[in-house]
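*Asks:* This one is structure-v4.cif, mmCIF, C-alpha atoms.
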```cif
data_target
#
loop_
_atom_site.label_atom_id
_atom_site.label_comp_id
_atom_site.auth_asym_id
_atom_site.auth_seq_id
_atom_site.Cartn_x
_atom_site.Cartn_y
_atom_site.Cartn_z
CA MET A 1 -20.74 19.63 37.50
CA THR A 2 -18.07 17.10 36.64
CA THR A 3 -19.84 14.33 38.56
CA GLU A 4 -22.94 14.95 36.50
CA HIS A 5 -20.99 14.58 33.30
CA HIS A 6 -21.59 11.21 31.74
CA GLU A 7 -19.04 9.87 29.34
CA ALA A 8 -20.20 8.55 26.04
CA GLY A 9 -20.92 4.86 26.27
CA ALA A 10 -21.84 4.92 29.94
CA HIS A 11 -25.55 4.76 29.14
CA GLU A 12 -25.63 1.52 27.21
CA GLY A 13 -25.86 -0.63 30.34
CA LEU A 14 -23.17 -3.05 29.21
CA GLY A 15 -21.06 -3.98 32.19
CA PRO A 16 -18.00 -6.15 32.71
CA ARG A 17 -20.16 -9.27 33.10
CA GLN A 18 -21.78 -8.75 29.70
CA TYR A 19 -18.40 -8.09 28.09
CA VAL A 20 -17.02 -11.31 29.54
CA THR A 21 -20.09 -13.17 28.23
CA ILE A 22 -19.54 -11.72 24.77
CA PHE A 23 -15.87 -12.70 24.96
CA ALA A 24 -16.85 -16.26 25.93
CA ILE A 25 -19.17 -16.44 22.92
CA LEU A 26 -16.41 -15.21 20.62
CA THR A 27 -14.00 -17.78 22.07
CA ILE A 28 -16.50 -20.61 21.57
CA VAL A 29 -17.16 -19.56 17.97
CA THR A 30 -13.40 -19.44 17.31
CA ALA A 31 -13.04 -22.93 18.78
CA VAL A 32 -15.89 -24.15 16.54
CA GLU A 33 -14.14 -22.63 13.52
CA LEU A 34 -10.95 -24.44 14.46
CA ALA A 35 -12.76 -27.75 14.86
CA LEU A 36 -14.48 -27.27 11.51
CA SER A 37 -11.17 -26.54 9.77
CA TYR A 38 -9.90 -29.96 10.85
CA SER A 39 -13.08 -31.74 9.81
CA HIS A 40 -13.86 -33.08 6.35
CA ILE A 41 -17.31 -31.68 5.73
CA GLY A 42 -16.75 -30.87 2.08
CA ALA A 43 -17.92 -27.83 0.17
CA VAL A 44 -19.94 -26.42 3.04
CA LEU A 45 -16.76 -25.73 5.05
CA ILE A 46 -15.84 -22.43 3.41
CA PRO A 47 -19.31 -20.80 3.60
CA LEU A 48 -19.62 -21.97 7.20
CA LEU A 49 -16.24 -20.47 8.16
CA LEU A 50 -17.13 -17.21 6.44
CA VAL A 51 -20.49 -17.01 8.23
CA LEU A 52 -18.86 -17.66 11.62
CA SER A 53 -16.18 -15.04 10.94
CA ALA A 54 -18.81 -12.55 9.84
CA PHE A 55 -20.69 -13.22 13.08
CA LYS A 56 -17.57 -12.51 15.17
CA PHE A 57 -16.85 -9.40 13.09
CA VAL A 58 -20.35 -8.00 13.66
CA VAL A 59 -20.34 -8.81 17.39
CA VAL A 60 -17.01 -7.05 17.99
CA VAL A 61 -18.06 -4.01 15.93
CA ALA A 62 -21.52 -3.79 17.50
CA TYR A 63 -20.66 -4.39 21.16
CA PHE A 64 -16.95 -3.90 21.76
CA MET A 65 -16.76 -0.89 19.42
CA HIS A 66 -20.21 0.23 20.58
CA LEU A 67 -21.37 0.92 17.04
CA ARG A 68 -24.81 -0.43 17.93
CA PHE A 69 -25.24 2.45 20.34
CA GLU A 70 -23.66 5.17 18.26
CA PRO A 71 -25.33 7.77 16.00
CA ARG A 72 -26.40 6.55 12.60
CA ILE A 73 -23.76 8.58 10.76
CA LEU A 74 -21.00 6.51 12.32
CA ASN A 75 -22.78 3.30 11.35
CA ARG A 76 -23.07 4.52 7.76
CA LEU A 77 -19.46 5.68 7.68
CA PHE A 78 -18.05 2.34 8.74
CA ALA A 79 -20.55 0.28 6.77
CA GLY A 80 -19.73 2.36 3.68
CA GLY A 81 -16.04 1.68 3.97
CA PHE A 82 -16.64 -2.00 4.59
CA ALA A 83 -19.05 -2.24 1.65
CA LEU A 84 -16.52 -0.56 -0.62
CA ALA A 85 -13.81 -2.97 0.52
CA SER A 86 -16.13 -5.92 -0.17
CA LEU A 87 -16.84 -4.58 -3.66
CA VAL A 88 -13.10 -4.28 -4.33
CA LEU A 89 -12.69 -7.90 -3.22
CA LEU A 90 -15.49 -9.10 -5.50
CA ALA A 91 -14.17 -7.02 -8.41
CA LEU A 92 -10.64 -8.45 -8.05
CA ILE A 93 -11.91 -12.01 -7.80
CA SER A 94 -14.12 -11.48 -10.86
CA LEU A 95 -11.29 -9.89 -12.84
CA PHE A 96 -8.91 -12.77 -12.22
CA TRP A 97 -11.47 -15.61 -12.04
CA ASN A 98 -10.78 -16.84 -15.55
CA ASP A 99 -7.08 -16.86 -14.82
CA LEU A 100 -7.43 -19.05 -11.74
CA THR A 101 -6.79 -22.18 -13.76
CA HIS A 102 -3.44 -20.86 -14.88
CA PRO A 103 -1.07 -21.15 -11.93
CA LEU A 104 1.65 -18.67 -11.33
CA GLY A 105 5.04 -19.30 -9.78
CA MET B 1 -15.68 29.09 38.50
CA ALA B 2 -12.53 28.95 36.42
CA ALA B 3 -11.64 25.55 37.93
CA GLU B 4 -15.10 24.20 37.12
CA ALA B 5 -14.91 25.50 33.58
CA HIS B 6 -11.49 23.91 33.20
CA ALA B 7 -12.66 20.57 34.63
CA ALA B 8 -15.76 20.22 32.45
CA PRO B 9 -14.97 19.10 28.90
CA VAL B 10 -16.18 21.46 26.20
CA HIS B 11 -18.40 19.79 23.64
CA HIS B 12 -18.61 21.91 20.53
CA PRO B 13 -21.90 21.55 18.70
CA THR B 14 -21.43 19.77 15.39
CA SER B 15 -23.72 19.35 12.39
CA THR B 16 -23.39 15.57 12.66
CA GLY B 17 -24.34 15.45 16.33
CA THR B 18 -21.21 13.56 17.23
CA ASP B 19 -17.75 14.60 18.34
CA ASN B 20 -15.56 15.43 15.34
CA ARG B 21 -12.64 13.49 16.79
CA LYS B 22 -14.74 10.33 17.07
CA LEU B 23 -16.02 10.92 13.54
CA LEU B 24 -12.42 11.20 12.37
CA MET B 25 -11.46 7.90 13.99
CA TRP B 26 -14.41 6.08 12.39
CA LEU B 27 -13.54 7.68 9.03
CA PHE B 28 -9.98 6.47 9.44
CA LEU B 29 -11.20 2.95 10.30
CA ALA B 30 -13.44 2.98 7.21
CA SER B 31 -10.36 3.81 5.10
CA GLU B 32 -8.47 1.02 6.83
CA CYS B 33 -11.22 -1.38 5.71
CA LEU B 34 -10.29 -0.50 2.15
CA PHE B 35 -6.57 -0.82 2.88
CA PHE B 36 -6.82 -4.30 4.34
CA GLY B 37 -9.56 -5.25 1.89
CA THR B 38 -7.20 -4.79 -1.04
CA LEU B 39 -4.39 -6.73 0.65
CA ILE B 40 -6.76 -9.59 1.52
CA SER B 41 -8.12 -9.55 -2.05
CA ALA B 42 -4.61 -9.82 -3.46
CA PHE B 43 -3.88 -12.73 -1.13
CA LEU B 44 -7.04 -14.57 -2.17
CA VAL B 45 -6.27 -14.12 -5.88
CA PHE B 46 -2.74 -15.46 -5.45
CA LYS B 47 -3.84 -18.25 -3.10
CA ALA B 48 -5.90 -19.82 -5.86
CA ARG B 49 -3.02 -19.71 -8.35
CA MET B 50 -0.10 -21.05 -6.33
CA ALA B 51 1.97 -23.67 -8.09
CA VAL B 52 5.37 -23.49 -6.38
CA PRO B 53 5.94 -24.44 -2.71
CA PRO B 54 6.05 -23.54 0.11
CA PHE B 55 2.29 -23.80 0.29
CA PRO B 56 0.03 -22.65 3.13
CA HIS B 57 -1.75 -26.03 3.22
CA LYS B 58 -1.02 -29.57 2.04
CA ARG B 59 -0.65 -29.79 -1.75
CA GLU B 60 0.73 -32.09 -4.47
CA ILE B 61 3.35 -31.24 -7.08
CA THR B 62 4.92 -33.11 -9.97
CA GLU B 63 8.29 -34.81 -9.73
CA SER B 64 9.68 -32.55 -12.43
CA LEU B 65 8.78 -29.43 -10.40
CA TYR B 66 10.19 -31.07 -7.26
CA SER B 67 13.56 -31.52 -8.94
CA THR B 68 13.82 -27.78 -9.63
CA LEU B 69 13.24 -26.72 -6.00
CA PRO B 70 15.95 -25.62 -3.57
CA GLU B 71 16.95 -28.29 -1.05
CA LYS B 72 15.34 -26.48 1.89
CA ILE B 73 11.96 -26.45 0.14
CA GLN B 74 12.37 -30.01 -1.16
CA GLU B 75 12.38 -31.13 2.48
CA GLN B 76 8.77 -29.98 2.72
CA CYS B 77 7.80 -32.23 -0.21
CA ALA B 78 9.60 -35.39 0.84
CA THR B 79 6.49 -37.63 0.70
CA GLN B 80 6.19 -39.46 -2.60
CA LEU B 81 2.68 -40.66 -3.46
CA ALA B 82 1.62 -43.78 -5.33
CA ASN B 83 0.44 -41.70 -8.31
CA GLY B 84 3.97 -40.37 -8.83
CA LEU B 85 3.26 -36.95 -7.36
CA ARG B 86 4.99 -35.42 -4.37
CA GLU B 87 2.98 -34.28 -1.35
CA CYS B 88 4.14 -30.98 0.17
CA HIS B 89 3.09 -30.33 3.76
CA GLY B 90 1.55 -26.97 4.55
CA ILE B 91 3.82 -24.42 6.16
CA LEU B 92 1.18 -22.79 8.36
CA ASP B 93 1.12 -23.78 12.03
CA ILE B 94 -2.55 -23.67 12.97
CA PRO B 95 -2.16 -24.50 16.71
CA ILE B 96 0.36 -21.68 17.24
CA THR B 97 -1.69 -19.16 15.29
CA SER B 98 -4.88 -20.23 17.07
CA THR B 99 -3.18 -19.46 20.37
CA SER B 100 -2.19 -16.02 19.14
CA THR B 101 -5.76 -15.49 17.92
CA PHE B 102 -7.11 -16.23 21.39
CA VAL B 103 -4.51 -13.83 22.83
CA LEU B 104 -5.67 -11.02 20.54
CA LEU B 105 -9.30 -11.79 21.32
CA GLY B 106 -8.46 -11.57 25.02
CA SER B 107 -6.81 -8.22 24.44
CA SER B 108 -10.08 -6.93 23.00
CA LEU B 109 -11.85 -7.92 26.22
CA ALA B 110 -9.13 -6.21 28.24
CA MET B 111 -9.50 -3.07 26.12
CA VAL B 112 -13.27 -2.88 26.54
CA LEU B 113 -12.84 -3.26 30.31
CA ALA B 114 -10.29 -0.42 30.24
CA VAL B 115 -12.83 1.75 28.42
CA TYR B 116 -15.45 0.81 31.02
CA GLY B 117 -13.09 1.83 33.81
CA ALA B 118 -12.29 5.16 32.11
CA GLN B 119 -15.94 5.98 31.44
CA HIS B 120 -17.06 5.13 34.99
CA GLY B 121 -14.41 7.13 36.82
CA ARG B 122 -12.31 4.14 37.88
CA PRO B 123 -8.72 5.14 36.96
CA GLY B 124 -7.17 2.11 38.66
CA MET B 125 -9.28 -0.26 36.61
CA MET B 126 -8.55 1.75 33.47
CA LYS B 127 -4.77 1.68 33.96
CA ALA B 128 -4.66 -2.01 34.83
CA TRP B 129 -6.64 -3.11 31.81
CA ILE B 130 -4.75 -0.78 29.44
CA LEU B 131 -1.52 -2.39 30.64
CA ILE B 132 -2.96 -5.89 30.21
CA THR B 133 -4.16 -4.99 26.70
CA ALA B 134 -0.71 -3.73 25.74
CA LEU B 135 0.97 -6.83 27.18
CA LEU B 136 -1.39 -9.14 25.28
CA GLY B 137 -0.68 -7.13 22.14
CA LEU B 138 3.04 -7.60 22.66
CA THR B 139 2.47 -11.32 23.21
CA PHE B 140 0.64 -11.50 19.89
CA LEU B 141 3.54 -9.71 18.20
CA GLY B 142 5.88 -12.23 19.79
CA PHE B 143 3.92 -15.04 18.16
CA GLN B 144 4.12 -13.21 14.82
CA VAL B 145 7.89 -12.79 15.09
CA TYR B 146 8.23 -16.50 15.92
CA GLU B 147 6.12 -17.44 12.92
CA PHE B 148 8.03 -15.15 10.53
CA ARG B 149 11.37 -16.52 11.71
CA THR B 150 10.16 -20.12 11.41
CA PHE B 151 8.91 -19.50 7.87
CA GLY B 152 12.20 -17.82 6.99
CA SER B 153 14.14 -20.84 8.20
CA GLU B 154 11.94 -23.09 6.06
CA GLY B 155 12.65 -21.07 2.94
CA LEU B 156 9.58 -18.82 2.76
CA ASN B 157 10.19 -15.10 2.46
CA LEU B 158 8.82 -12.10 0.57
CA ALA B 159 10.54 -13.07 -2.69
CA THR B 160 9.98 -16.86 -2.64
CA ASN B 161 6.61 -17.07 -4.34
CA GLN B 162 3.19 -15.36 -4.57
CA PHE B 163 2.11 -16.85 -1.28
CA GLY B 164 5.20 -15.53 0.49
CA ALA B 165 4.82 -12.05 -0.96
CA SER B 166 1.12 -11.65 -0.21
CA PHE B 167 1.34 -13.39 3.18
CA PHE B 168 4.17 -11.31 4.57
CA VAL B 169 2.75 -8.03 3.23
CA LEU B 170 -0.69 -8.72 4.70
CA THR B 171 0.39 -10.06 8.09
CA GLY B 172 3.32 -7.65 8.23
CA PHE B 173 1.04 -4.64 7.84
CA HIS B 174 -1.35 -6.08 10.39
CA GLY B 175 1.51 -6.64 12.83
CA THR B 176 2.65 -3.05 12.27
CA HIS B 177 -0.83 -1.87 13.13
CA VAL B 178 -0.72 -3.92 16.33
CA GLY B 179 2.66 -2.38 17.15
CA VAL B 180 1.32 1.13 16.62
CA GLY B 181 -1.64 0.19 18.83
CA VAL B 182 0.70 -0.97 21.61
CA VAL B 183 2.62 2.33 21.43
CA TYR B 184 -0.72 4.22 21.47
CA LEU B 185 -1.85 2.33 24.59
CA LEU B 186 1.44 2.70 26.44
CA SER B 187 1.41 6.44 25.66
CA LEU B 188 -2.09 6.68 27.14
CA LEU B 189 -0.95 4.71 30.17
CA ALA B 190 2.04 6.99 30.67
CA ALA B 191 -0.16 10.07 30.33
CA SER B 192 -2.60 8.67 32.89
CA PHE B 193 0.11 8.89 35.55
CA ARG B 194 0.37 12.69 35.21
CA ARG B 195 -0.98 14.87 38.01
CA ASN B 196 -4.30 15.40 36.20
CA GLY B 197 -4.29 11.96 34.60
CA LEU B 198 -5.99 11.91 31.22
CA GLY B 199 -8.17 14.85 32.22
CA PRO B 200 -11.95 15.10 32.20
CA GLU B 201 -12.14 13.42 28.78
CA ALA B 202 -10.33 10.28 29.92
CA GLY B 203 -13.25 8.13 28.82
CA PHE B 204 -13.22 9.66 25.36
CA HIS B 205 -9.47 9.19 24.88
CA VAL B 206 -9.52 5.58 26.02
CA GLU B 207 -12.64 4.87 23.96
CA THR B 208 -10.95 6.25 20.83
CA ALA B 209 -7.91 4.06 21.46
CA GLY B 210 -10.30 1.17 21.99
CA LEU B 211 -11.88 1.71 18.57
CA TYR B 212 -8.48 1.39 16.92
CA TRP B 213 -7.56 -1.68 18.97
CA HIS B 214 -10.83 -3.52 18.29
CA PHE B 215 -10.43 -2.78 14.58
CA VAL B 216 -7.01 -4.40 14.62
CA ASP B 217 -8.68 -7.42 16.22
CA ILE B 218 -11.47 -7.70 13.65
CA VAL B 219 -8.95 -7.47 10.81
CA TRP B 220 -7.17 -10.46 12.37
CA ILE B 221 -10.51 -12.31 12.59
CA VAL B 222 -10.75 -12.02 8.80
CA ILE B 223 -7.05 -12.77 8.19
CA PHE B 224 -7.13 -15.84 10.43
CA THR B 225 -10.07 -17.29 8.55
CA VAL B 226 -8.88 -16.39 5.05
CA ILE B 227 -5.24 -17.39 5.41
CA TYR B 228 -5.18 -20.12 8.02
CA LEU B 229 -8.56 -21.85 8.18
CA ILE B 230 -9.85 -21.81 4.61
CA PRO B 231 -7.99 -24.50 2.66
CA SER B 232 -6.30 -23.71 -0.63
#
```
Could you write out this structure as structure tokens?
*Replies:*
Amino acid sequence: MTTEHHEAGAHEGLGPRQYVTIFAILTIVTAVELALSYSHIGAVLIPLLLVLSAFKFVVVVAYFMHLRFEPRILNRLFAGGFALASLVLLALISLFWNDLTHPLG
Amino acid sequence: MAAEAHAAPVHHPTSTGTDNRKLLMWLFLASECLFFGTLISAFLVFKARMAVPPFPHKREITESLYSTLPEKIQEQCATQLANGLRECHGILDIPITSTSTFVLLGSSLAMVLAVYGAQHGRPGMMKAWILITALLGLTFLGFQVYEFRTFGSEGLNLATNQFGASFFVLTGFHGTHVGVGVVYLLSLLAASFRRNGLGPEAGFHVETAGLYWHFVDIVWIVIFTVIYLIPS
């Protein structure tokens, strides 16, 4: 009975080798981000860094946190919270945008 | 019969089709997105409006402002430029923080391997990787303590300026979350040495801890980019 019981996550087929591969990818992307931060590529630096960070974020959530293999309700729950947080960020930036030219102490 | 019933985990049917405890953890993580989202937002707003050193990255100030600064902070703005301005060096140590970032990333790999061990009935693998995850987490915290102490010695603290306030609150809360995660993992590890270990739901318990740990890692992914990599 207990040997037949499969734990959640055991069906996805991701093994240690795949996890190490994913980790290697994340490490390489982090190294690329670092290299970019020292480069002088102008205005494209910030969007590039944000895209690379977003990629790492999605990979960790999808594969390390297994969200890709979880029921849709969990996807919606987390995505909802993240979307709300992003909206708060945009709202705060918008609220204070006009004040950005007036430095504070 | 009774032993079999005790060994097999009971899965109550739920209207969502998923375990309520897992649902609760994901709900908690969704709320944590909001928590850290507001702290990161506050940091970004203040980052754009900083006028008084210490600064996160290299920046110029006027001579008149320089003359009002405490001596410890004046040392950071010793370089006088040809245009009459003073150049203040950034206080952030990217190489050190990059190392700690790789450490935390490594801890995520260790955690996912611990979950794999727990879910595939390999308690030795599970215990080893939980311990490694906790140790890497402690190493990361060590880097944070070093950074906080270094900044303190250079004159940056919670009350120094907007950067100091928002930086220490954001990274301080993140560090606290890492600390809680380390305690969580060590508690799991201790429980795994009981006679029945973590029980028939070992995989579930370790997976739930893994969700929390990976979340702490992805928050740092955002913090590292926003605070350290993106220039002011």
*Asks:* Could you state the separation of CA of Ile46 (chain A) and CA of Ser232 (chain B) in Å, given to one decimal place?
*Replies:*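 Spanning CA of Ile46 (chain A) to CA of Ser232 (chain B) is a straight-line distance of 10.4 Å.
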*Asks:* Could you list, as a PDB file with C-alpha atoms, in the coordinates of the input, the residues of chain B having an atom within 6 Å of chain A when counting all atoms listed in the file?
*Replies:*
```
ATOM      1  CA  ALA B   8     -15.760  20.220  32.450  1.00  0.00           C
ATOM      2  CA  ALA B  30     -13.440   2.980   7.210  1.00  0.00           C
ATOM      3  CA  CYS B  33     -11.220  -1.380   5.710  1.00  0.00           C
ATOM      4  CA  LEU B  34     -10.290  -0.500   2.150  1.00  0.00           C
ATOM      5  CA  GLY B  37      -9.560  -5.250   1.890  1.00  0.00           C
ATOM      6  CA  SER B  41      -8.120  -9.550  -2.050  1.00  0.00           C
ATOM      7  CA  ARG B  49      -3.020 -19.710  -8.350  1.00  0.00           C
ATOM      8  CA  MET B  50      -0.100 -21.050  -6.330  1.00  0.00           C
ATOM      9  CA  ALA B  51       1.970 -23.670  -8.090  1.00  0.00           C
ATOM     10  CA  VAL B  52       5.370 -23.490  -6.380  1.00  0.00           C
ATOM     11  CA  GLN B 119     -15.940   5.980  31.440  1.00  0.00           C
ATOM     12  CA  LEU B 211     -11.880   1.710  18.570  1.00  0.00           C
ATOM     13  CA  ILE B 218     -11.470  -7.700  13.650  1.00  0.00           C
ATOM     14  CA  LEU B 229      -8.560 -21.850   8.180  1.00  0.00           C
TER      15      LEU B 229
END
```
*Asks:* Could you tell me how far CA of Gly175 (chain B) lies from CA of Trp213 (chain B), in Å and to one decimal?
*Replies:*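 Computing the Euclidean distance for CA of Gly175 (chain B) and CA of Trp213 (chain B) yields 12.0 Å.
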*Asks:* So the first atom is CA of Val44 (chain A) and the second is CA of Asp217 (chain B); what is the distance between them in Å, to one decimal place?
*Replies:*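 For CA of Val44 (chain A) relative to CA of Asp217 (chain B), the distance reads 25.7 Å.
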*Asks:* Could you name the residues that touch region 149-164 of chain B at 12 Å or less, counting all atoms listed in the file, but leaving out those on the same chain fewer than 6 positions away, as a count of residues only?
*Replies:* 42
*Asks:* Around all the atoms of region 67-86 of chain A listed in the file, with 6 Å of room on each side, what axis-aligned box do you get, giving centre and edge lengths in Å to one decimal, as JSON?
*Replies:*
```
{"center_x": -20.1, "center_y": 1.3, "center_z": 9.9, "size_x": 24.6, "size_y": 26.5, "size_z": 33.0}
```
*Asks:* Could you expand the PyMOL selection byres ((chain B and resi 127-137) around 9) into the explicit residues it covers here, written as number ranges by chain?
*Replies:* B: 103-104, 106-115, 117-118, 122-126, 138-142, 178-179, 181-183, 185-186, 188-189, 192-193, 206
*Asks:* Which residue gives the smallest distance to Pro200 (chain B) among B:His174, B:Gln144, B:Gly121, B:Val169, with only C-alpha atoms counted?
*Replies:*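 Among the listed residues, B:Gly121 lies closest to Pro200 (chain B).
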*Asks:* Find the residue from B:Asn196, B:Tyr116, B:Ile94, B:Ile221 that sits nearest to Gln18 (chain A); use only C-alpha atoms when measuring.
*Replies:*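 Looking at the shortest contact to Gln18 (chain A), the residue is B:Tyr116.
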